[in-house]
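Chemist: If you scroll down you'll find the structure; I have some questions about it.
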There are 2 protein chains.
Amino acid sequence: MIDSTALPLATAEPHLRADAVRNRALLLEAAARLAARRGAAAITMEAVAAEAGVGKGTVSRRFGDRNGLIQALLDRSESLFQEAFLTGGPPLGPEADPATRLRAFGPALLRHEHADLELYLAAEPSPGRRFAVPARQLRHRHVAVLVRALLPGADADLLAHTLLASVDVVLTDHLVRGRGMPLARVEAAWLDLVDRLLS
Amino acid sequence: MIDSTALPLATAEPHLRADAVRNRALLLEAAARLAARRGAAAITMEAVAAEAGVGKGTVSRRFGDRNGLIQALLDRSESLFQEAFLTGGPPLGPEADPATRLRAFGPALLRHEHADLELYLAAEPSPGRRFAVPARQLRHRHVAVLVRALLPGADADLLAHTLLASVDVVLTDHLVRGRGMPLARVEAAWLDLVDRLLS
DNA sequence: AAGATAAACGGGCCGCGTTCCGTTTAGCGT
DNA sequence: ACGCTAAACGGAACGCGGCCCGTTTATCTT
């Protein structure tokens with residue numbers, strides 16, 4: 001369970017020593033340099049440490065793991081995006097009505113993600129594999145065929161991806177085991193989603 | 001681009017030498033033994049090779065990588081599930097009408113995935129991390145709030161997960177860069193999805 | 001200012017996945 | 001039966017991520 005009152009951006013480390021602050025900045029600059037020069041894949045713990053002129057242990061201690069380092073790299077643009085939909089102007093911000101905000105949120109998130117695409121993909125291990133699994137492709141085709149038959153006007157391909165994502169095993173395991181949600185509720189949500197789409 | 005006419009289960013290696021066939025079976029048995037004895041996390045290339053009494057190179061050559069090995073372990077139950085929705089009886093199979101099949105597919109997939117949960121999670125690297133990222137949680141809360149305001153009767157928590165999954169960066173990058181889909185189509189699909197849900 | 005203390009540092013170490021290449025062997029043609 | 005060849009084998013080697021622990025150093029206290 002995560003404390004939802006904490007600000008998500010400030011990592012909130014109580015007191016960071018001066019040398020630690022300096023090295024943190026050095027490491028982020030080094031990582032950005034490496035990414036700009038040789039692509040985000042060049043962001044390895046060793047290379048970043050070497051580029052910054054510190055030991056590997058320092059990277060590990062500061063950012064936890066490679067993923068934490070990449071998240072930290074993304075923090076700046078992430079906070080800009082968050083500002084836009086939390087306190088910004090319409091159509092994303094709170095001055096617009098909820099429907100407008102929700103409609104605008106998707107495209108905004110898409111553009112945000114694709115602006116830092118390399119880093120976001122580098123944060124996910126083997127991103128290409130996930131959709132290359134034959135069993136997944138077969139399920140997608142199956143669902144797409146059914147959707148196409150039921151909703152001729154819809155983008156069946158994408159809607160099938162959405163439906164499958166709603167019962168993705170990583171998501172549902174996170175909800176069921178990680179947050180104690182009954183599996184029956186996930187099943188009910190699938191039925192509800194299908195009904196709303198078909199109605 | 002993948003040949004969609006190929007059977008997804010048979011790996012279709014043209015001619016596998018007798019010793020290769022034997023070792024393949026040995027390796028799958030060894031991996032299953034390890035998983036049963038010490039959990040799916042114990043499926044490492046080295047351990048499986050040692051348990052089967054072959055070299056690591058043999059595992060690599062046969063299954064490509066650790067993921068391929070786990071996929072091969074899942075093939076049996078996967079093909080049973082595929083049979084159920086491709087050629088089985090109602091409500092999953094082709095004798096039922098599309099709406100019934102689609103409604104039944106979600107719960108069936110959920111049960112299938114959670115039967116082999118350990119293996120499915122072992123096939124995904126660091127599955128827990130994905131939803132622990134603060135930025136992700138913030139986006140989810142934001143979307144859930146909007147959904148709750150717009151659809152009081154719905155399961156806003158799960159619906160928010162579904163909406164976010166439809167514009168997940170890994171998915172959309174796969175579609176845009178991997179399959180040449182225009183980003184505008186993904187944006188249009190989001191708007192269409194929201195409109196269908198709100199109508 | 002000087003000592004105490006906790007934090008940070010460094011880089012060696014281990015485990016794992018993947019690659020590579022010299023060696024072995026199964027399958028086939030003659 | 002006998003080789004020939006391509007496939008398979010094995011395990012050493014490499015790169016990377018994460019961990020650990022002896023050493024260094026910033027910061028606080030008095």
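In the structure tokens, chains take the letters A, B, ... in the order shown, each chain's residues start at 1, and ligands count up from 1 in the order shown.
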Restrict the calculation to only C-alpha atoms (C1' of nucleotides), then for each residue of chain C with any atom at most 12 Å from an atom of chain A give the closest atom pair and their distance in Å to one decimal, rows by chain and rising residue number, as a Markdown table.

Modeler:
```
| residue | atom | partner | partner_atom | distance |
| --- | --- | --- | --- | --- |
| C:DA6 | C1' | A:Arg17 | CA | 10.9 |
| C:DA7 | C1' | A:Arg17 | CA | 7.5 |
| C:DA8 | C1' | A:Ala20 | CA | 6.9 |
| C:DC9 | C1' | A:Thr58 | CA | 6.5 |
| C:DG10 | C1' | A:Gly55 | CA | 5.0 |
| C:DG11 | C1' | A:Gly55 | CA | 6.5 |
| C:DG12 | C1' | A:Gly57 | CA | 10.5 |
```

Chemist: Extract the full set of helix (DSSP H, G or I) residues from chain A according to DSSP on the backbone, and format it as number ranges by chain.

Modeler: A: 18-38, 40-42, 45-52, 56-63, 66-86, 98-115, 117-123, 129-131, 134-150, 156-166, 169-179, 183-198

Chemist: Return as a PyMOL selection string the residues belonging to chain D that are within 12 Å of chain B, counting only C-alpha atoms (C1' of nucleotides).

Modeler: chain D and resi 6-12

Chemist: Please build the interface table for chain A against chain B with a cut-off of 6 Å, listing for each qualifying residue the nearest atom pair and the distance in Å to one decimal; count only C-alpha atoms, order rows by chain and increasing number, and write it as JSON lines.

Modeler:
```
{"residue": "A:Pro8", "atom": "CA", "partner": "B:Pro134", "partner_atom": "CA", "distance": 5.3}
{"residue": "A:Pro98", "atom": "CA", "partner": "B:Leu146", "partner_atom": "CA", "distance": 5.6}
{"residue": "A:Arg103", "atom": "CA", "partner": "B:Leu191", "partner_atom": "CA", "distance": 5.8}
{"residue": "A:Pro107", "atom": "CA", "partner": "B:Glu187", "partner_atom": "CA", "distance": 5.3}
{"residue": "A:Pro134", "atom": "CA", "partner": "B:Pro8", "partner_atom": "CA", "distance": 5.3}
{"residue": "A:Leu146", "atom": "CA", "partner": "B:Pro98", "partner_atom": "CA", "distance": 5.6}
{"residue": "A:Thr162", "atom": "CA", "partner": "B:Ser166", "partner_atom": "CA", "distance": 4.8}
{"residue": "A:Ala165", "atom": "CA", "partner": "B:Ala165", "partner_atom": "CA", "distance": 5.9}
{"residue": "A:Ser166", "atom": "CA", "partner": "B:Thr162", "partner_atom": "CA", "distance": 4.8}
{"residue": "A:Glu187", "atom": "CA", "partner": "B:Pro107", "partner_atom": "CA", "distance": 5.3}
{"residue": "A:Leu191", "atom": "CA", "partner": "B:Arg103", "partner_atom": "CA", "distance": 5.8}
```

Chemist: Near DC14 in chain C, counting only C-alpha atoms (C1' of nucleotides), which residues have an atom at most 12 Å away, once you skip same-chain residues fewer than 3 positions from it, shown as a PDB file with N, CA, C and O atoms (P, O5', C5', C4', C3', O3' and C1' of nucleotides), in the first residue's frame?

Modeler:
```pdb
ATOM      1  P    DG D  17      22.908  -2.619 -17.098  1.00  0.00           P
ATOM      2  O5'  DG D  17      22.361  -3.430 -15.857  1.00  0.00           O
ATOM      3  C5'  DG D  17      21.406  -4.458 -16.085  1.00  0.00           C
ATOM      4  C4'  DG D  17      21.071  -5.119 -14.774  1.00  0.00           C
ATOM      5  C3'  DG D  17      20.854  -4.145 -13.631  1.00  0.00           C
ATOM      6  O3'  DG D  17      19.752  -4.592 -12.861  1.00  0.00           O
ATOM      7  C1'  DG D  17      22.629  -5.620 -13.087  1.00  0.00           C
ATOM      8  P    DG D  18      19.192  -3.654 -11.693  1.00  0.00           P
ATOM      9  O5'  DG D  18      19.814  -4.382 -10.415  1.00  0.00           O
ATOM     10  C5'  DG D  18      19.514  -5.761 -10.204  1.00  0.00           C
ATOM     11  C4'  DG D  18      20.257  -6.276  -8.991  1.00  0.00           C
ATOM     12  C3'  DG D  18      20.174  -5.372  -7.749  1.00  0.00           C
ATOM     13  O3'  DG D  18      19.851  -6.195  -6.644  1.00  0.00           O
ATOM     14  C1'  DG D  18      22.434  -5.842  -8.270  1.00  0.00           C
ATOM     15  P    DC D  19      19.841  -5.581  -5.161  1.00  0.00           P
ATOM     16  O5'  DC D  19      21.216  -6.105  -4.528  1.00  0.00           O
ATOM     17  C5'  DC D  19      21.542  -7.485  -4.609  1.00  0.00           C
ATOM     18  C4'  DC D  19      22.803  -7.772  -3.820  1.00  0.00           C
ATOM     19  C3'  DC D  19      22.880  -7.086  -2.458  1.00  0.00           C
ATOM     20  O3'  DC D  19      23.321  -8.043  -1.504  1.00  0.00           O
ATOM     21  C1'  DC D  19      24.791  -6.511  -3.769  1.00  0.00           C
ATOM     22  P    DC D  20      23.250  -7.715   0.060  1.00  0.00           P
ATOM     23  O5'  DC D  20      24.785  -7.858   0.488  1.00  0.00           O
ATOM     24  C5'  DC D  20      25.694  -8.506  -0.400  1.00  0.00           C
ATOM     25  C4'  DC D  20      27.117  -8.152  -0.008  1.00  0.00           C
ATOM     26  C3'  DC D  20      27.259  -7.572   1.401  1.00  0.00           C
ATOM     27  O3'  DC D  20      28.428  -8.099   1.976  1.00  0.00           O
ATOM     28  C1'  DC D  20      28.107  -6.038  -0.187  1.00  0.00           C
TER      29       DC D  20
END
```

Chemist: Record the distance separating CA of Ala25 in chain A and C1' of DA26 in chain D, expressed in Å with one decimal.

Modeler: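 That distance, rounded to one decimal, is 17.5 Å.
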
Chemist: Between CA of Ala31 in chain A and CA of Ala115 in chain A, what is the spacing in Å?

Modeler: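 CA of Ala31 in chain A lies 17.5 Å from CA of Ala115 in chain A.
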
Chemist: To one decimal place in Å, what is the distance between CA of Glu51 in chain A and CA of Ala30 in chain A?

Modeler: 5.6 Å

Chemist: Quick one: everything within 10 Å of Leu73 in chain B, counting only C-alpha atoms (C1' of nucleotides), minus sequence neighbours fewer than 6 positions away in the same chain. Send it as JSON, numbers by chain.

Modeler: {"B": [27, 28, 29, 31, 32, 67, 119]}
